[in-house]
Structure formats: structure tokens, C-alpha cells
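Peer 1: For reference, the structure I am asking about is given below.
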Amino acid sequence: MKDDSLKFVIVGHIDHGKSTLIGRLLYDTDSLPPDKLEEVQQVCKSLGKDMEFGYLMDYLEEERDQGITIDTAQIFFNTDRRNYVIIDAPGHVEFLRNMISGSSLAEAAILIVDAEEGVKEQTKRHAYILGLLGLDQVIAVINKMDLVDYDQQRFEEVKRDLVDFLSEIDISPSYVIPISAKKGDFIAQRADDHMSWYDGPTVLNALDAFKTKEIIFDKPMRFVVQDVYKFDKRIAVGRVERGTIRRGDEIKVLPSGEVTKIKSIEEFLKENVTEAEAGKSTGIITEDKLFIDRGDVIVHPDEDMPTVTDTIRANVFWMDKKPFKKGMSVLFRCATQEVTCDVERINKVIDSSTLEQIGEDADEIGEREVADIVIRTQKPVVVETFSKMQLLGRFVLGTADTRAAGIIMELGK
Ligand code: GDP
């Protein structure tokens, strides 16, 4: 097993080649069960057809419906560099809800556009979703280059249209690649013989160049306090979410900003513990008697720090049947922090199924609507933007039950 894995989505207008690209990625990375591949080849041959990758995906999906083998909601393949998971996006509503609430999470996206047809309405809508999610690792592929005679001029035309539109919604694709999903051009293999004018990476090389968001061990340390036990000494228990915490480390407690040192790391039935790594739940005792509380985030003072603020701009997905009305107070919950907050402004409201903007400077948010809002918390909270760190960049709003899930786009305004 490779130690990191990257999850991504493929979006685009219907018939622009999403299934074909998925099939091709699996085929070129030898990720298909050999017996399945043979079966599909046999079927295609008997129908007098070329091997169709889109057909392959339909076939696998049918099997899934019968409860057998491959799960097409999550498709796996790997390169020499890492493992990949393609997350299937069944529809806008589910996709937005799942992404914002964290039940499935893409770290990158491929936006596919047919070279003949060019940018269509759905291409724009899907791109818009990527913008709402603040996805900053995007590959645009101009597909079916074989149908336009691998013409560079046509590629440049579609590319310009697409990049112009994307810049309006603050997305700048890391790569724009001419491909033929059907022929396998510039997916895993280069196609220099018929597109010698393109000298950028293949789709797989471009994916490999992306970063996974949660390579946790060597990143700045984040210890999230869950509780504080008061025996003869005060032990703050919590989880090392990232990095490593060591005995003797100088630490800063947020939001208070107080600095002290780690006197000891306490683990049940273990003595002389010197460090705890990401993923571990543990207890710490500090040298100075500080008032540490549930919700606090402990960091190293010399490293890149999260923000302490009471003002957050976020995109929220409203899940409750009851609409949110401006003026209502709700509980903001992020990591182990819980604080009452007000929604100061509802900048815009979007219908998650049509992706149409239905309100500006609005007064309420209804069920299944996505809104760009400004929140003010009654006490400062310790947060990061979603694109920087999911743990402190994602929150829920609600009281007893969850009313909305949100991701943080901007801090301090
Ligand atoms: P989806 O709706 O986006 O999943 O699109 P499909 O993958 O089902 O593709 C739609 C049609 O376009 C199918 O008939 C494919 O065979 C065809 N297609 C997809 N990619 C290519 C390509 O690179 N070249 C050509 N010529 N046809 C393609």
C-alpha cells in the first residue's frame, strides 16, 4: 500500500466523456479485474463494436446494482506515486451536501469538456460547484480530440472559453490537457505522434503532481482539547490531529494565546511517554497551571498558526426543513469548539439542485439551499480555511441536531 491517497471527482456536461475517461483510467493503470475486462471485450466483440470504456462503466454499474463486485460510487486505481479514489457525483444536491458535510471529500477535480461541443451550460454549473467548495486543484481536459483531427487551434479556442469562464468564478485550472479518452491520448500515455504541439503533462502525471490535503505527520502540530481532568494535577486530554507533540515542547494554547511547556505526556498504563503522533488520543500536563478548556487548540508557537477570530465567511448547506431566518442565534461547532453565533449577512443563496442564484443579501436560507454567509461568533474561535485544513475549516450549525454544514472560505471578514 502506498501511504497517501488522493480523492477526486470528474465533472462535466453529459456525454462529454466522463464514463469513458473513468474506464480508460482503470484500464491504463491495470486496475480492472482481468475476468471483467475479458467479459466486456467478449460482449463488445459479439456486438461488433470496439472496446467501449463507457460501456465498461455501465456494465460495472449494473453489477453493482445486483450487489456484486465493484462499487462505482468509489472507484480505485493507483499509479507508482499513490492511490487514487474517484468519487462519483450522483447529482448536485447529494454531491454538495456530501462534500460540505464531509461524508465524502474530493481534494481535486477533473473538469471534462468535449472538444467538438465546447463549453456548455452544465460545464459551467459543475465548475460553479467546484468554486463553491473552494477546490483549488483542478485539471481541465478537452476530450474527443480525435473528433477534431487533433487540431491545436480548436483546442486553444475551447481552452480560452473555459479559462475565461473559470476565472470569473475564481478557479484557475492547474492544467488544461487535450485528450482522447476513447483512444487513450494523454491519459496515461503521451500522444506526441498526433499532438506534438502539446508539451504539458498527461492526466496521470498532472494528478500525481497534486498534493493530498492530509499528509499529517510532518505538518504543523494541532492538538485539539476534548476535556480536562482535574485529579491532583490537571490533565488536558484530546487528540493529536496533525504533527507530533513531544515532552518538553514549547506550546501555545489557542484562543488565549498563552505559552507554556509540555511537562509530560500521559497515556493510560504507560510511563515515560515522550511523544504522541497524529491520530493519537492522549493526555498532557503543562508546566504552568493554565486554564485549558474543551475546545482549545494547542500548537507550536513558532509554526504556521491557525487564526483566532470571531468573523468568518463560509458556504453553508442548509439541511433542516425549517428555514434559517436572519436574527436567529445558532450554535457553531468546529472540532471540539462550541459557541453561539449570529449570521450577520447572507451574501447569496443558491438552489443546490439547479445551482441558480435565488437571493442576494437575503433574509433566510431554506432546506437544500447553499448560502454564502458571514458569521460572527460570540467568543473568538480557532479556525482555518477549508482549503488549508479540513478539521478546523469545517463546521456545523445547529442546536440539538445539525441544521447546516459549512466550510470556511475566508477569515476575519
Ligand atoms: P458521459 O455521459 O460524460 O459519461 O459520457 P460517455 O463517457 O458515456 O461518452 C459519451 C459518448 O462519447 C460515448 O459514445 C463515447 O464513446 C464517446 N466518447 C467519449 N470519449 C471519446 C473520445 O475521446 N473520442 C470519441 N471519438 N468519442 C468519445
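Labeling convention for the C-alpha cells: chains A, B, ... as they appear, residues from 1 per chain, ligands from 1 in order of appearance.
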Using only C-alpha atoms and all ligand atoms, which residues of the polymer chains come no farther than 12 Å from ligand 1? I'd like the answer as a PyMOL selection string.

Peer 2: chain A and resi 10-25+49-59+88-90+110-117+122-123+141-150+178-187

Peer 1: Pick out each residue of range 161-397 of chain A that DSSP on the backbone tags as alpha helix (DSSP H); I need them as a count of residues only.

Peer 2: 19

Peer 1: Hey, what's within 9 Å of range 345-353 of chain A if we count only C-alpha atoms and toss same-chain stuff fewer than 4 positions away? As a PyMOL selection string, please?

Peer 2: chain A and resi 91-94+96-97+317+326+357-366+368-375

Peer 1: Interatomic distance between CA of Ala206 in chain A and CA of Phe155 in chain A?

Peer 2: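 Rounded to one decimal, the two atoms are 18.0 Å apart.
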
Peer 1: With DSSP run on the backbone, what are the strand (DSSP E or B) residues within range 36-240 of chain A? I'd like them as a VMD selection string.

Peer 2: chain A and resid 74 to 78 83 to 87 108 to 114 138 to 143 175 to 178 180 185 189 222 to 230 234 to 240
